$ cat query.txt   # compact mmCIF, C-alpha atoms and all ligand atoms
# COMPACT_ATOMS: atom_id res chain seq x y z
CA MET A 30 0.00 0.00 0.00
CA ASP A 31 1.08 3.60 -0.64
CA THR A 32 1.61 5.75 2.42
CA LYS A 33 0.45 9.35 1.96
CA LEU A 34 2.27 11.99 3.98
CA TYR A 35 0.42 15.29 4.54
CA ARG A 36 1.94 18.28 6.23
CA ILE A 37 -0.50 20.38 8.22
CA GLU A 38 0.57 24.02 8.50
CA ASP A 39 -2.76 25.37 9.65
CA ILE A 40 -5.74 23.38 10.97
CA GLU A 41 -8.31 25.56 9.16
CA LYS A 42 -6.48 25.90 5.84
CA ASP A 43 -5.45 22.25 5.71
CA PHE A 44 -8.75 20.88 6.95
CA LYS A 45 -9.15 18.69 3.86
CA ALA A 46 -6.29 16.47 5.09
CA ILE A 47 -7.83 16.29 8.57
CA GLU A 48 -11.15 15.29 6.97
CA GLU A 49 -9.47 12.62 4.88
CA ALA A 50 -7.73 11.23 7.97
CA ALA A 51 -11.01 11.20 9.92
CA HIS A 52 -12.72 9.47 7.00
CA LEU A 53 -10.06 6.73 6.92
CA LEU A 54 -10.42 6.24 10.70
CA ARG A 55 -14.20 5.93 10.39
CA GLN A 56 -13.66 3.28 7.71
CA GLY A 57 -11.53 1.24 10.09
CA GLN A 58 -8.17 2.26 8.56
CA LEU A 59 -5.02 3.50 10.26
CA VAL A 60 -3.66 7.05 10.42
CA ALA A 61 -0.43 8.19 12.13
CA PHE A 62 -0.53 11.66 13.65
CA PRO A 63 1.58 13.82 15.96
CA THR A 64 0.80 14.25 19.64
CA GLU A 65 2.74 16.26 22.20
CA THR A 66 4.38 13.03 23.45
CA VAL A 67 5.29 10.97 20.36
CA TYR A 68 3.60 10.14 17.03
CA GLY A 69 0.57 7.86 17.49
CA LEU A 70 -0.79 5.20 15.14
CA GLY A 71 -4.54 5.65 15.34
CA ALA A 72 -7.54 3.40 14.73
CA ASN A 73 -11.18 3.41 15.87
CA ALA A 74 -10.93 2.14 19.46
CA LEU A 75 -14.49 0.77 19.27
CA ASP A 76 -13.79 -1.42 16.23
CA GLY A 77 -11.92 -4.63 17.03
CA GLN A 78 -10.96 -5.24 13.39
CA ALA A 79 -9.55 -1.74 13.01
CA VAL A 80 -7.54 -2.22 16.21
CA ASP A 81 -6.22 -5.54 14.88
CA ARG A 82 -4.67 -3.58 12.00
CA ILE A 83 -2.58 -1.57 14.49
CA PHE A 84 -1.10 -4.75 15.98
CA LYS A 85 -0.33 -6.05 12.50
CA ALA A 86 1.26 -2.85 11.18
CA LYS A 87 3.46 -2.46 14.26
CA GLY A 88 4.21 -6.14 14.78
CA ARG A 89 2.95 -5.55 18.34
CA PRO A 90 2.28 -8.56 20.62
CA ASN A 91 -1.50 -8.71 20.93
CA ASP A 92 -1.50 -8.99 24.71
CA ASN A 93 -0.23 -5.40 24.97
CA PRO A 94 -3.25 -3.09 25.43
CA LEU A 95 -3.72 0.30 23.74
CA ILE A 96 -4.52 3.79 24.98
CA ALA A 97 -7.81 5.33 23.80
CA HIS A 98 -7.42 9.01 22.87
CA ILE A 99 -10.33 11.44 23.19
CA SER A 100 -10.74 15.09 22.26
CA LYS A 101 -13.32 16.18 24.87
CA ARG A 102 -13.38 15.47 28.58
CA GLU A 103 -16.96 14.23 28.54
CA ASP A 104 -16.03 11.51 26.01
CA ILE A 105 -14.52 9.51 28.88
CA GLU A 106 -17.89 8.55 30.40
CA PRO A 107 -19.25 6.13 27.75
CA LEU A 108 -15.94 4.25 27.70
CA VAL A 109 -15.80 3.37 31.40
CA LEU A 110 -18.03 1.91 34.11
CA GLY A 111 -17.72 5.04 36.21
CA VAL A 112 -15.35 7.90 36.92
CA PRO A 113 -14.19 7.91 40.57
CA ALA A 114 -14.40 11.38 42.18
CA LYS A 115 -10.63 11.66 42.59
CA VAL A 116 -10.13 11.32 38.83
CA TYR A 117 -11.82 14.66 38.08
CA PRO A 118 -9.11 16.88 39.60
CA LEU A 119 -6.53 14.93 37.56
CA ILE A 120 -8.47 15.60 34.38
CA GLU A 121 -8.90 19.27 35.34
CA THR A 122 -5.19 19.69 35.98
CA PHE A 123 -3.51 17.55 33.34
CA TRP A 124 -5.87 17.22 30.34
CA PRO A 125 -5.24 17.83 27.58
CA GLY A 126 -1.77 16.50 28.33
CA PRO A 127 0.58 13.56 28.86
CA LEU A 128 -1.40 11.71 31.55
CA THR A 129 -3.11 8.41 30.73
CA ILE A 130 -5.67 7.21 33.27
CA ILE A 131 -6.68 3.55 33.64
CA LEU A 132 -10.28 2.83 34.68
CA LYS A 133 -12.69 -0.10 34.50
CA LYS A 134 -13.88 -0.33 30.89
CA SER A 135 -17.47 -0.35 29.66
CA SER A 136 -18.86 -3.02 27.35
CA ARG A 137 -18.62 -0.65 24.35
CA VAL A 138 -14.85 -1.17 24.22
CA PRO A 139 -13.84 -4.35 22.37
CA ALA A 140 -11.41 -6.86 23.87
CA GLN A 141 -8.80 -6.15 21.15
CA THR A 142 -8.29 -2.57 22.41
CA THR A 143 -7.60 -3.63 26.01
CA ALA A 144 -5.95 -6.97 25.10
CA GLY A 145 -8.68 -8.75 27.02
CA LEU A 146 -8.27 -6.70 30.24
CA ASP A 147 -11.34 -5.32 32.02
CA THR A 148 -9.67 -1.91 32.26
CA LEU A 149 -9.09 0.80 29.65
CA ALA A 150 -6.30 3.37 29.42
CA ILE A 151 -7.56 6.83 28.32
CA ARG A 152 -5.95 10.16 27.56
CA MET A 153 -6.69 13.51 25.93
CA PRO A 154 -3.61 14.58 23.98
CA ASN A 155 -2.44 18.19 23.85
CA HIS A 156 -1.68 18.63 20.18
CA PRO A 157 -3.85 20.57 17.71
CA VAL A 158 -3.53 17.97 14.92
CA ALA A 159 -4.36 15.01 17.19
CA LEU A 160 -7.33 16.84 18.72
CA ALA A 161 -8.66 17.93 15.31
CA VAL A 162 -8.46 14.41 13.84
CA ILE A 163 -10.07 12.73 16.86
CA ASP A 164 -12.77 15.37 17.02
CA LYS A 165 -13.55 15.15 13.30
CA ALA A 166 -13.62 11.33 13.41
CA GLY A 167 -16.09 11.59 16.32
CA LEU A 168 -14.61 8.42 17.83
CA PRO A 169 -12.23 7.42 20.59
CA ILE A 170 -8.96 6.63 18.81
CA ALA A 171 -6.69 3.83 20.02
CA ALA A 172 -3.17 5.04 19.32
CA PRO A 173 0.04 3.41 20.44
CA SER A 174 3.34 4.91 19.38
CA ALA A 175 3.70 4.79 15.57
CA ASN A 176 6.89 2.71 15.46
CA ARG A 177 7.59 -0.92 14.64
CA SER A 178 7.23 -2.76 17.93
CA GLY A 179 10.42 -2.75 20.03
CA LYS A 180 12.02 0.30 18.36
CA PRO A 181 12.41 3.80 19.84
CA SER A 182 9.17 5.74 19.62
CA PRO A 183 8.91 8.21 16.72
CA THR A 184 9.16 11.94 17.40
CA THR A 185 9.12 13.06 13.74
CA ALA A 186 7.03 12.09 10.71
CA GLN A 187 10.27 10.85 9.11
CA HIS A 188 10.70 8.33 11.95
CA VAL A 189 7.17 7.05 11.28
CA LEU A 190 7.92 6.79 7.57
CA ASP A 191 11.19 4.93 8.30
CA ASP A 192 9.25 2.30 10.28
CA LEU A 193 5.82 2.08 8.64
CA ASN A 194 6.15 3.19 5.00
CA GLY A 195 3.96 0.90 2.89
CA ARG A 196 2.21 -0.56 5.96
CA ILE A 197 -0.28 2.26 6.66
CA PRO A 198 -2.30 4.55 4.36
CA MET A 199 -1.61 7.96 5.92
CA ILE A 200 0.74 10.00 8.07
CA LEU A 201 -0.06 13.52 9.21
CA ASP A 202 2.80 15.81 10.05
CA GLY A 203 3.00 19.31 11.34
CA ILE A 204 2.22 22.41 13.32
CA THR A 205 4.27 21.70 16.42
CA PRO A 206 6.87 19.02 17.13
CA CYS A 207 6.45 16.34 19.80
CA SER A 208 7.47 18.72 22.56
CA VAL A 209 7.51 16.11 25.35
CA GLY A 210 9.26 13.38 23.34
CA LEU A 211 8.42 10.49 25.73
CA GLU A 212 5.12 8.64 26.00
CA SER A 213 2.49 9.65 28.54
CA THR A 214 2.52 8.81 32.22
CA VAL A 215 0.25 5.77 32.73
CA LEU A 216 -1.61 5.96 36.06
CA ASP A 217 -3.78 3.10 37.29
CA MET A 218 -6.91 4.55 38.93
CA SER A 219 -9.01 1.40 38.51
CA GLY A 220 -8.99 0.53 42.23
CA GLY A 221 -6.67 0.50 45.23
CA VAL A 222 -3.80 2.96 45.60
CA PRO A 223 -3.18 5.09 42.49
CA THR A 224 -0.13 3.54 40.84
CA ILE A 225 2.20 4.81 38.13
CA LEU A 226 2.71 1.94 35.69
CA ARG A 227 4.78 4.00 33.28
CA PRO A 228 6.40 7.32 34.26
CA GLY A 229 6.16 10.33 31.95
CA ALA A 230 6.16 14.11 31.91
CA VAL A 231 3.38 14.22 34.51
CA THR A 232 5.65 13.23 37.38
CA LEU A 233 5.17 11.33 40.64
CA GLU A 234 5.75 14.60 42.48
CA MET A 235 3.00 16.36 40.49
CA LEU A 236 0.51 13.51 41.01
CA LYS A 237 1.21 13.37 44.76
CA GLU A 238 0.28 17.03 45.06
CA ILE A 239 -3.22 16.16 43.90
CA LEU A 240 -3.75 12.60 45.09
CA GLY A 241 -1.61 12.40 48.23
CA HIS A 242 -0.47 8.80 48.23
CA VAL A 243 0.75 7.48 44.86
CA GLU A 244 2.77 4.32 44.29
CA VAL A 245 5.23 3.54 41.52
CA ASP A 246 5.14 0.05 40.07
CA LYS A 247 8.26 -1.98 40.90
CA THR A 248 8.98 -2.71 37.25
CA VAL A 249 9.53 0.96 36.34
CA LEU A 250 13.31 0.68 36.66
CA LYS A 251 13.68 -3.07 37.07
CA PRO A 252 13.02 -6.06 34.86
CA LEU A 253 10.02 -8.24 35.66
CA GLU A 254 10.87 -11.15 37.89
CA LYS A 255 10.18 -14.53 36.34
CA GLY A 256 6.60 -15.68 36.95
CA GLN A 257 5.45 -12.22 38.09
CA PRO A 258 2.45 -11.01 36.04
CA PRO A 259 2.98 -7.44 34.81
CA LYS A 260 0.42 -4.78 35.76
CA SER A 261 1.24 -3.03 32.53
CA PRO A 262 1.68 -5.72 29.89
CA GLY A 263 3.84 -3.39 27.78
CA MET A 264 6.59 -3.57 30.41
CA LYS A 265 7.21 -7.22 29.51
CA TYR A 266 8.68 -6.61 26.09
CA ILE A 267 11.92 -5.31 24.66
CA HIS A 268 11.23 -1.69 24.12
CA TYR A 269 12.59 1.54 22.72
CA ALA A 270 15.68 -0.32 21.50
CA PRO A 271 17.86 0.97 18.67
CA ARG A 272 19.80 -1.51 16.54
CA ALA A 273 23.00 -0.66 18.42
CA LYS A 274 23.68 -2.23 21.80
CA VAL A 275 23.09 0.30 24.60
CA ILE A 276 25.01 0.26 27.90
CA ILE A 277 24.21 2.65 30.75
CA PHE A 278 26.79 3.94 33.23
CA ARG A 279 25.64 4.77 36.73
CA GLY A 280 27.87 6.17 39.48
CA THR A 281 28.16 8.24 42.61
CA SER A 282 29.62 11.18 40.70
CA LEU A 283 29.55 12.50 37.15
CA ASP A 284 33.33 12.38 37.15
CA ARG A 285 33.34 8.62 37.80
CA ILE A 286 30.73 8.08 35.12
CA THR A 287 32.57 10.04 32.41
CA LYS A 288 35.91 8.38 33.25
CA GLU A 289 34.38 4.90 32.98
CA VAL A 290 32.55 5.78 29.75
CA SER A 291 35.82 7.07 28.23
CA ARG A 292 37.72 3.98 29.31
CA ARG A 293 35.14 1.55 27.90
CA ALA A 294 34.77 3.59 24.73
CA LYS A 295 38.50 3.22 24.05
CA GLU A 296 38.27 -0.53 24.67
CA TYR A 297 35.42 -0.95 22.22
CA VAL A 298 37.17 1.16 19.60
CA ARG A 299 40.24 -1.07 19.97
CA GLU A 300 37.97 -4.05 19.28
CA GLY A 301 36.98 -2.36 16.02
CA LYS A 302 33.54 -1.20 17.16
CA LYS A 303 31.95 2.12 16.22
CA VAL A 304 31.02 3.78 19.50
CA GLY A 305 28.46 6.51 20.18
CA ILE A 306 28.34 8.38 23.47
CA LEU A 307 25.01 9.70 24.75
CA ALA A 308 26.23 12.58 26.88
CA THR A 309 24.78 15.67 28.52
CA ASP A 310 25.78 19.34 28.15
CA GLU A 311 27.69 19.06 31.42
CA THR A 312 29.86 16.19 30.17
CA THR A 313 30.39 16.43 26.38
CA HIS A 314 33.75 18.23 26.81
CA GLN A 315 35.08 15.17 28.70
CA TYR A 316 34.93 12.94 25.62
CA LYS A 317 37.17 12.93 22.59
CA GLY A 318 37.38 11.03 19.34
CA GLN A 319 33.96 9.38 19.36
CA ASP A 320 30.56 10.23 17.98
CA ILE A 321 28.93 12.21 20.76
CA ILE A 322 25.36 13.42 21.08
CA SER A 323 24.34 15.61 23.99
CA LEU A 324 20.78 15.04 25.18
CA GLY A 325 20.72 18.50 26.76
CA SER A 326 21.44 19.95 30.16
CA ARG A 327 20.98 17.96 33.35
CA LYS A 328 19.39 21.12 34.74
CA ASN A 329 16.62 20.72 32.17
CA PRO A 330 15.41 17.09 32.17
CA ALA A 331 12.56 18.02 29.79
CA SER A 332 15.11 18.65 27.04
CA ILE A 333 16.81 15.31 27.75
CA ALA A 334 13.41 13.59 27.51
CA ALA A 335 12.59 15.39 24.25
CA ASN A 336 15.86 14.31 22.61
CA LEU A 337 16.26 10.74 23.85
CA PHE A 338 14.40 8.72 21.19
CA SER A 339 15.57 10.81 18.24
CA SER A 340 19.18 10.52 19.46
CA LEU A 341 18.93 6.72 19.64
CA ARG A 342 17.64 6.71 16.06
CA GLU A 343 20.36 9.14 14.99
CA PHE A 344 23.05 6.79 16.28
CA ASP A 345 21.47 3.97 14.25
CA ASP A 346 21.56 6.19 11.15
CA MET A 347 25.26 6.83 11.86
CA GLY A 348 25.89 3.08 11.90
CA VAL A 349 27.06 2.99 15.51
CA ASP A 350 27.52 -0.51 17.05
CA ILE A 351 27.52 0.44 20.73
CA ILE A 352 25.93 3.37 22.54
CA LEU A 353 27.38 4.29 25.93
CA ALA A 354 24.86 6.34 27.90
CA GLU A 355 25.07 8.26 31.15
CA TRP A 356 22.60 7.73 33.99
CA VAL A 357 20.56 10.81 34.91
CA GLU A 358 19.00 11.40 38.31
CA GLU A 359 15.66 9.60 38.49
CA LYS A 360 13.66 12.36 40.15
CA GLY A 361 10.94 14.38 38.41
CA GLU A 362 11.03 13.67 34.67
CA GLY A 363 14.30 11.78 35.24
CA LEU A 364 12.27 8.73 36.25
CA ALA A 365 10.62 8.62 32.81
CA ILE A 366 13.97 9.13 31.08
CA MET A 367 15.58 6.27 32.98
CA ASN A 368 12.52 4.01 32.53
CA ARG A 369 12.98 4.28 28.73
CA MET A 370 16.76 4.18 28.83
CA VAL A 371 17.05 1.00 30.93
CA ARG A 372 14.70 -0.77 28.53
CA ALA A 373 16.52 0.52 25.46
CA ALA A 374 19.62 -0.97 27.12
CA GLY A 375 17.92 -4.27 27.92
CA PHE A 376 18.86 -3.48 31.58
CA ARG A 377 22.62 -3.48 30.81
CA ILE A 378 23.84 -1.11 33.53
CA ILE A 379 27.45 -0.71 34.70
CA ASP A 380 28.18 0.81 38.10
CA ALA A 381 31.10 3.18 37.68
P1 LIG B 1 1.96 2.65 23.87
O1 LIG B 1 0.59 3.05 23.47
O2 LIG B 1 2.72 1.87 22.88
O3 LIG B 1 2.69 3.86 24.35
O4 LIG B 1 1.77 1.69 25.13
C1 LIG B 1 0.70 1.81 26.02
C2 LIG B 1 1.15 1.43 27.39
O5 LIG B 1 0.05 1.47 28.30
C3 LIG B 1 1.69 -0.01 27.44
O6 LIG B 1 2.79 -0.07 28.33
C4 LIG B 1 0.50 -0.78 27.99
O7 LIG B 1 0.88 -1.96 28.62
C5 LIG B 1 -0.13 0.23 28.94
N1 LIG B 1 -1.57 -0.02 29.09
C6 LIG B 1 -2.54 0.24 28.19
N2 LIG B 1 -3.73 -0.16 28.65
C7 LIG B 1 -3.51 -0.69 29.88
C8 LIG B 1 -4.37 -1.29 30.86
N3 LIG B 1 -5.67 -1.42 30.67
N4 LIG B 1 -3.77 -1.74 32.00
C9 LIG B 1 -2.43 -1.60 32.20
N5 LIG B 1 -1.59 -1.04 31.29
C10 LIG B 1 -2.12 -0.59 30.15
MG MG B 2 5.03 2.20 22.24

$ encode --input "query.txt" --output "structure tokens" --more "lines below"
Ligand code: AMP
Ligand code: MG
Amino acid sequence: MDTKLYRIEDIEKDFKAIEEAAHLLRQGQLVAFPTETVYGLGANALDGQAVDRIFKAKGRPNDNPLIAHISKREDIEPLVLGVPAKVYPLIETFWPGPLTIILKKSSRVPAQTTAGLDTLAIRMPNHPVALAVIDKAGLPIAAPSANRSGKPSPTTAQHVLDDLNGRIPMILDGITPCSVGLESTVLDMSGGVPTILRPGAVTLEMLKEILGHVEVDKTVLKPLEKGQPPKSPGMKYIHYAPRAKVIIFRGTSLDRITKEVSRRAKEYVREGKKVGILATDETTHQYKGQDIISLGSRKNPASIAANLFSSLREFDDMGVDIILAEWVEEKGEGLAIMNRMVRAAGFRIIDA
């Protein structure tokens, strides 16, 4: 199939493309579109066959449930059995935005969307193109990240094209980039203590201010133990991984980290490997002779988050064999950064 790529400069002027996208979605087809987190691959969340197409195009394991995206707050009600009172202040504060809320699903939502679970993940994205397409389609849109399963999530239309060209009919591009750059925070509000299953730009600290007690699932920075059922099935799989092998360096000081990275980099180069170093503004000057990408300043974790996935893809484009990455402090948005990084590294972490 041919994949059409439309660039939206202005929602009003380019409304024909939005209409065409909405039409495809209503017909049960797939459309990739930008959100403020990453590019999503959308399908009608109420149509099991349409949702099946997402799993096929991505090569996604079909026990990994999807997030339903809505464009108006009131669209949450028909999708769930009820909205607990404490969910409303979350919606007021963080929607539209990078917070996904898990609630008990209603019977309108097919099993394919939730991978057979009795709960549904829902979010209202904060991106004009995403909101316009969802609104015009008049449907909740299931939309996982628009990458081939296992790869780093796409933060540009070109990334989507690299992964899904010929597998989906349409990609929308434009207006504003994926400013967050990491997927949404996934918060389980379906019963018991509110629990973060996947950290994102809406941080633990921000959620605690509203909810008081919030837990973080054990698997956020650790691999699943054998035989332990995951609360978030997505955490089971290899994720966000570039082609190159990623190794993370953790240490009690930045100095120890950079020294160990430099030492290992030299070793790998001697073995004939092409090495990439994923550094930060504070450390780039410490490295010499390798391909270096700075993710941004440690004082601004949002910039590190925004650059992480595209930098992993950039190293792949450069033909790097091994990426040596520095640990960043796991507070605030740092928790989301490290959650993605440890998975991209397949939990290969060296203590410096
Ligand atoms: P993606 O859309 O690719 O960013 O992935 C969605 C993430 O949300 C995955 O990690 C899923 O496992 C998780 N998720 C979606 N729905 C549920 C649910 N009902 N219960 C727990 N986790 C969910
Ligand atoms: Mg994904």

$ closest_residue --input "query.txt" --among "A:Ile276, A:Ala334, A:Ile267, A:Ile96" --to "Leu216 of chain A" --atoms "only C-alpha atoms"
A:Ile96

$ residues_near_point --input "query.txt" --point "(1.4, 11.5, 0.7)" --cutoff "12 Å" --atoms "only C-alpha atoms" --output "PyMOL selection string"
chain A and resi 30-37+46+49-50+60+186+190+194-195+197-202

$ residues_around --input "query.txt" --residues "His268 of chain A" --least-positions-apart "3" --cutoff "10 Å" --atoms "only C-alpha atoms" --output "number ranges by chain"
A: 178-182, 263-265, 271, 369-375

$ closest_residue --input "query.txt" --among "A:Ala230, A:Tyr269, A:His188, A:Leu240" --to "ligand MG 2 (chain B)" --atoms "all atoms listed in the file"
A:Tyr269

$ closest_residue --input "query.txt" --among "A:His156, A:Lys85, A:Lys274, A:Arg227" --to "Pro262 of chain A" --atoms "only C-alpha atoms"
A:Arg227

$ residues_near_ligand --input "query.txt" --ligand "ligand LIG 1 (chain B)" --cutoff "6 Å" --atoms "all atoms listed in the file" --output "PyMOL selection string"
chain A and resi 93-96+131+143+146+148-150+172-174+212+260-264

$ write_last_selection --input "query.txt" --atoms "C-alpha atoms" --output "PDB file, in the frame of the given file"
ATOM      1  CA  ASN A  93      -0.230  -5.400  24.970  1.00  0.00           C
ATOM      2  CA  PRO A  94      -3.250  -3.090  25.430  1.00  0.00           C
ATOM      3  CA  LEU A  95      -3.720   0.300  23.740  1.00  0.00           C
ATOM      4  CA  ILE A  96      -4.520   3.790  24.980  1.00  0.00           C
ATOM      5  CA  ILE A 131      -6.680   3.550  33.640  1.00  0.00           C
ATOM      6  CA  THR A 143      -7.600  -3.630  26.010  1.00  0.00           C
ATOM      7  CA  LEU A 146      -8.270  -6.700  30.240  1.00  0.00           C
ATOM      8  CA  THR A 148      -9.670  -1.910  32.260  1.00  0.00           C
ATOM      9  CA  LEU A 149      -9.090   0.800  29.650  1.00  0.00           C
ATOM     10  CA  ALA A 150      -6.300   3.370  29.420  1.00  0.00           C
ATOM     11  CA  ALA A 172      -3.170   5.040  19.320  1.00  0.00           C
ATOM     12  CA  PRO A 173       0.040   3.410  20.440  1.00  0.00           C
ATOM     13  CA  SER A 174       3.340   4.910  19.380  1.00  0.00           C
ATOM     14  CA  GLU A 212       5.120   8.640  26.000  1.00  0.00           C
ATOM     15  CA  LYS A 260       0.420  -4.780  35.760  1.00  0.00           C
ATOM     16  CA  SER A 261       1.240  -3.030  32.530  1.00  0.00           C
ATOM     17  CA  PRO A 262       1.680  -5.720  29.890  1.00  0.00           C
ATOM     18  CA  GLY A 263       3.840  -3.390  27.780  1.00  0.00           C
ATOM     19  CA  MET A 264       6.590  -3.570  30.410  1.00  0.00           C
TER      20      MET A 264
END

$ closest_residue --input "query.txt" --among "A:Ala97, A:Ile322, A:Val162, A:Val249" --to "Phe62 of chain A" --atoms "all atoms listed in the file"
A:Val162
